[in-house]
Amino acid sequence: MNYIDLLKKQIEEGKTILLSLDLDLYSKKTLFRCCYKFTDRLYVYIEKNQNSLSIYLTAKNDSLDLNDIVGEFSNELLDQELRTLVLDDTKTIRDTMVTRALLSGRSNGL
């Protein structure tokens with residue numbers, strides 16, 4: 001039995017949840033950041049489809065409620081996507097501030 005078959009069996013048993021996420025809606029960077037944040041509590045397996053990713057979430061601890069995890073995961077996706085958008089929107093300002101800070105620290109003899 002391959003790993004995907006095992007995961008599908010675990011879905012039927014209620015031990016794993018499958019999320020399908022559209023790559024037009026969320027960036028890969030966002031998805032990977034979000035998945036990583038849950039690796040302390042979940043085993044995460046990602047499978048690429050045509051224009052989406054299948055995310056298999058399996059609890060490391062039987063006491064975790066996977067329905068609650070899906071809600072937390074969804075909220076974290078939004079949080080990470082917003083962080084990515086803000087970082088992109090403020091890149092020029094950040095780069096300018098860092099450049100000025102570095103230049104102001106340079107000695108006059110250089």
# chains A, B, ... in the order shown; residues from 1 in each chain; ligands from 1

call {"tool": "residues_around", "arguments": {"residues": "Cys35 of chain A", "least_positions_apart": "3", "cutoff": "12 Å", "atoms": "only C-alpha atoms", "output": "PyMOL selection string"}}
result
chain A and resi 19+21+28-32+38-46+53-58+69-70+72-77+80

call {"tool": "write_last_selection", "arguments": {"atoms": "N, CA and C atoms", "output": "PDB file, in the first residue's frame"}}
result
ATOM      1  N   LEU A  19      -7.657  18.633   2.543  1.00  0.00           N
ATOM      2  CA  LEU A  19      -8.042  19.961   2.073  1.00  0.00           C
ATOM      3  C   LEU A  19      -7.492  20.141   0.669  1.00  0.00           C
ATOM      4  N   LEU A  21      -6.592  23.043  -1.955  1.00  0.00           N
ATOM      5  CA  LEU A  21      -6.393  24.489  -1.970  1.00  0.00           C
ATOM      6  C   LEU A  21      -5.977  24.962  -3.354  1.00  0.00           C
ATOM      7  N   LYS A  28       2.197  29.551  -3.031  1.00  0.00           N
ATOM      8  CA  LYS A  28       2.887  28.394  -2.442  1.00  0.00           C
ATOM      9  C   LYS A  28       3.585  28.793  -1.151  1.00  0.00           C
ATOM     10  N   LYS A  29       4.171  29.989  -1.144  1.00  0.00           N
ATOM     11  CA  LYS A  29       4.862  30.489   0.044  1.00  0.00           C
ATOM     12  C   LYS A  29       3.903  30.509   1.234  1.00  0.00           C
ATOM     13  N   THR A  30       2.708  31.030   1.012  1.00  0.00           N
ATOM     14  CA  THR A  30       1.693  31.084   2.061  1.00  0.00           C
ATOM     15  C   THR A  30       1.329  29.683   2.534  1.00  0.00           C
ATOM     16  N   LEU A  31       1.097  28.781   1.602  1.00  0.00           N
ATOM     17  CA  LEU A  31       0.684  27.425   1.951  1.00  0.00           C
ATOM     18  C   LEU A  31       1.757  26.694   2.751  1.00  0.00           C
ATOM     19  N   PHE A  32       3.004  26.832   2.349  1.00  0.00           N
ATOM     20  CA  PHE A  32       4.074  26.151   3.066  1.00  0.00           C
ATOM     21  C   PHE A  32       4.299  26.745   4.452  1.00  0.00           C
ATOM     22  N   PHE A  38       1.839  24.085  11.660  1.00  0.00           N
ATOM     23  CA  PHE A  38       1.049  23.017  12.281  1.00  0.00           C
ATOM     24  C   PHE A  38       1.833  21.719  12.481  1.00  0.00           C
ATOM     25  N   THR A  39       3.087  21.707  12.096  1.00  0.00           N
ATOM     26  CA  THR A  39       3.853  20.462  12.183  1.00  0.00           C
ATOM     27  C   THR A  39       4.146  20.018  13.609  1.00  0.00           C
ATOM     28  N   ASP A  40       3.918  20.892  14.584  1.00  0.00           N
ATOM     29  CA  ASP A  40       4.087  20.463  15.973  1.00  0.00           C
ATOM     30  C   ASP A  40       2.929  19.567  16.411  1.00  0.00           C
ATOM     31  N   ARG A  41       1.761  19.745  15.776  1.00  0.00           N
ATOM     32  CA  ARG A  41       0.575  18.979  16.162  1.00  0.00           C
ATOM     33  C   ARG A  41       0.085  18.007  15.097  1.00  0.00           C
ATOM     34  N   LEU A  42       0.520  18.229  13.861  1.00  0.00           N
ATOM     35  CA  LEU A  42       0.005  17.434  12.745  1.00  0.00           C
ATOM     36  C   LEU A  42       1.126  16.872  11.888  1.00  0.00           C
ATOM     37  N   TYR A  43       0.822  15.745  11.252  1.00  0.00           N
ATOM     38  CA  TYR A  43       1.633  15.279  10.142  1.00  0.00           C
ATOM     39  C   TYR A  43       0.998  15.892   8.904  1.00  0.00           C
ATOM     40  N   VAL A  44       1.798  16.521   8.068  1.00  0.00           N
ATOM     41  CA  VAL A  44       1.274  17.210   6.893  1.00  0.00           C
ATOM     42  C   VAL A  44       1.889  16.575   5.654  1.00  0.00           C
ATOM     43  N   TYR A  45       1.013  16.177   4.729  1.00  0.00           N
ATOM     44  CA  TYR A  45       1.479  15.650   3.446  1.00  0.00           C
ATOM     45  C   TYR A  45       0.844  16.491   2.357  1.00  0.00           C
ATOM     46  N   ILE A  46       1.646  16.936   1.394  1.00  0.00           N
ATOM     47  CA  ILE A  46       1.175  17.807   0.320  1.00  0.00           C
ATOM     48  C   ILE A  46       1.329  17.078  -1.014  1.00  0.00           C
ATOM     49  N   LEU A  53      -3.376  22.211  -4.600  1.00  0.00           N
ATOM     50  CA  LEU A  53      -2.601  21.322  -3.751  1.00  0.00           C
ATOM     51  C   LEU A  53      -3.578  20.580  -2.856  1.00  0.00           C
ATOM     52  N   SER A  54      -3.344  19.292  -2.702  1.00  0.00           N
ATOM     53  CA  SER A  54      -4.095  18.508  -1.730  1.00  0.00           C
ATOM     54  C   SER A  54      -3.256  18.450  -0.469  1.00  0.00           C
ATOM     55  N   ILE A  55      -3.840  18.890   0.630  1.00  0.00           N
ATOM     56  CA  ILE A  55      -3.149  18.910   1.912  1.00  0.00           C
ATOM     57  C   ILE A  55      -3.812  17.873   2.807  1.00  0.00           C
ATOM     58  N   TYR A  56      -3.046  16.864   3.196  1.00  0.00           N
ATOM     59  CA  TYR A  56      -3.538  15.829   4.101  1.00  0.00           C
ATOM     60  C   TYR A  56      -3.041  16.173   5.499  1.00  0.00           C
ATOM     61  N   LEU A  57      -3.964  16.311   6.438  1.00  0.00           N
ATOM     62  CA  LEU A  57      -3.624  16.651   7.819  1.00  0.00           C
ATOM     63  C   LEU A  57      -3.996  15.482   8.722  1.00  0.00           C
ATOM     64  N   THR A  58      -2.997  14.932   9.415  1.00  0.00           N
ATOM     65  CA  THR A  58      -3.209  13.827  10.343  1.00  0.00           C
ATOM     66  C   THR A  58      -2.708  14.254  11.714  1.00  0.00           C
ATOM     67  N   ILE A  69      -9.082  21.879  13.998  1.00  0.00           N
ATOM     68  CA  ILE A  69      -7.815  22.113  13.291  1.00  0.00           C
ATOM     69  C   ILE A  69      -8.073  22.731  11.923  1.00  0.00           C
ATOM     70  N   VAL A  70      -9.108  22.265  11.222  1.00  0.00           N
ATOM     71  CA  VAL A  70      -9.426  22.821   9.903  1.00  0.00           C
ATOM     72  C   VAL A  70      -9.750  24.310  10.027  1.00  0.00           C
ATOM     73  N   GLU A  72      -8.688  26.368  12.426  1.00  0.00           N
ATOM     74  CA  GLU A  72      -7.425  27.053  12.737  1.00  0.00           C
ATOM     75  C   GLU A  72      -6.550  27.166  11.494  1.00  0.00           C
ATOM     76  N   PHE A  73      -6.498  26.097  10.716  1.00  0.00           N
ATOM     77  CA  PHE A  73      -5.698  26.070   9.500  1.00  0.00           C
ATOM     78  C   PHE A  73      -6.197  27.130   8.515  1.00  0.00           C
ATOM     79  N   SER A  74      -7.513  27.229   8.362  1.00  0.00           N
ATOM     80  CA  SER A  74      -8.111  28.218   7.455  1.00  0.00           C
ATOM     81  C   SER A  74      -7.766  29.637   7.898  1.00  0.00           C
ATOM     82  N   ASN A  75      -7.869  29.896   9.194  1.00  0.00           N
ATOM     83  CA  ASN A  75      -7.516  31.219   9.705  1.00  0.00           C
ATOM     84  C   ASN A  75      -6.038  31.520   9.506  1.00  0.00           C
ATOM     85  N   GLU A  76      -5.194  30.513   9.702  1.00  0.00           N
ATOM     86  CA  GLU A  76      -3.750  30.704   9.518  1.00  0.00           C
ATOM     87  C   GLU A  76      -3.419  30.974   8.052  1.00  0.00           C
ATOM     88  N   LEU A  77      -4.147  30.333   7.135  1.00  0.00           N
ATOM     89  CA  LEU A  77      -3.952  30.613   5.702  1.00  0.00           C
ATOM     90  C   LEU A  77      -4.204  32.094   5.413  1.00  0.00           C
ATOM     91  N   GLN A  80      -1.340  34.217   6.971  1.00  0.00           N
ATOM     92  CA  GLN A  80      -0.088  34.129   6.219  1.00  0.00           C
ATOM     93  C   GLN A  80      -0.182  34.834   4.867  1.00  0.00           C
TER      94      GLN A  80
END

call {"tool": "select_by_dssp", "arguments": {"residues": "chain A", "states": "helix (DSSP H, G or I)", "output": "VMD selection string"}}
result
chain A and resid 3 to 12 28 to 37 66 to 89 91 to 104

call {"tool": "residues_around", "arguments": {"residues": "Gly14 of chain A", "least_positions_apart": "3", "cutoff": "12 Å", "atoms": "only C-alpha atoms", "output": "ChimeraX atom specification"}}
result
/A:7-11,17-18,56-59,62,64-67

call {"tool": "select_by_dssp", "arguments": {"residues": "chain A", "states": "strand (DSSP E)", "output": "number ranges by chain"}}
result
A: 16-22, 42-48, 52-59

call {"tool": "write_last_selection", "arguments": {"atoms": "C-alpha atoms", "output": "CSV table (one decimal), in the first residue's frame"}}
result
chain,number,residue,atom,x,y,z
A,16,THR,CA,-7.0,12.4,8.4
A,17,ILE,CA,-8.6,15.4,6.8
A,18,LEU,CA,-8.0,16.3,3.1
A,19,LEU,CA,-8.0,20.0,2.1
A,20,SER,CA,-7.8,21.0,-1.6
A,21,LEU,CA,-6.4,24.5,-2.0
A,22,ASP,CA,-6.5,26.6,-5.1
A,42,LEU,CA,0.0,17.4,12.7
A,43,TYR,CA,1.6,15.3,10.1
A,44,VAL,CA,1.3,17.2,6.9
A,45,TYR,CA,1.5,15.6,3.4
A,46,ILE,CA,1.2,17.8,0.3
A,47,GLU,CA,0.3,16.5,-3.1
A,48,LYS,CA,0.3,18.7,-6.2
A,52,SER,CA,-4.3,23.0,-6.6
A,53,LEU,CA,-2.6,21.3,-3.8
A,54,SER,CA,-4.1,18.5,-1.7
A,55,ILE,CA,-3.1,18.9,1.9
A,56,TYR,CA,-3.5,15.8,4.1
A,57,LEU,CA,-3.6,16.7,7.8
A,58,THR,CA,-3.2,13.8,10.3
A,59,ALA,CA,-3.2,14.5,14.1

call {"tool": "atom_distance", "arguments": {"atom1": "atom CA of Glu81 of chain A", "atom2": "atom CA of Tyr26 of chain A"}}
result
6.8 Å

call {"tool": "atom_distance", "arguments": {"atom1": "atom CA of Cys34 of chain A", "atom2": "atom CA of Asp79 of chain A"}}
result
8.7 Å
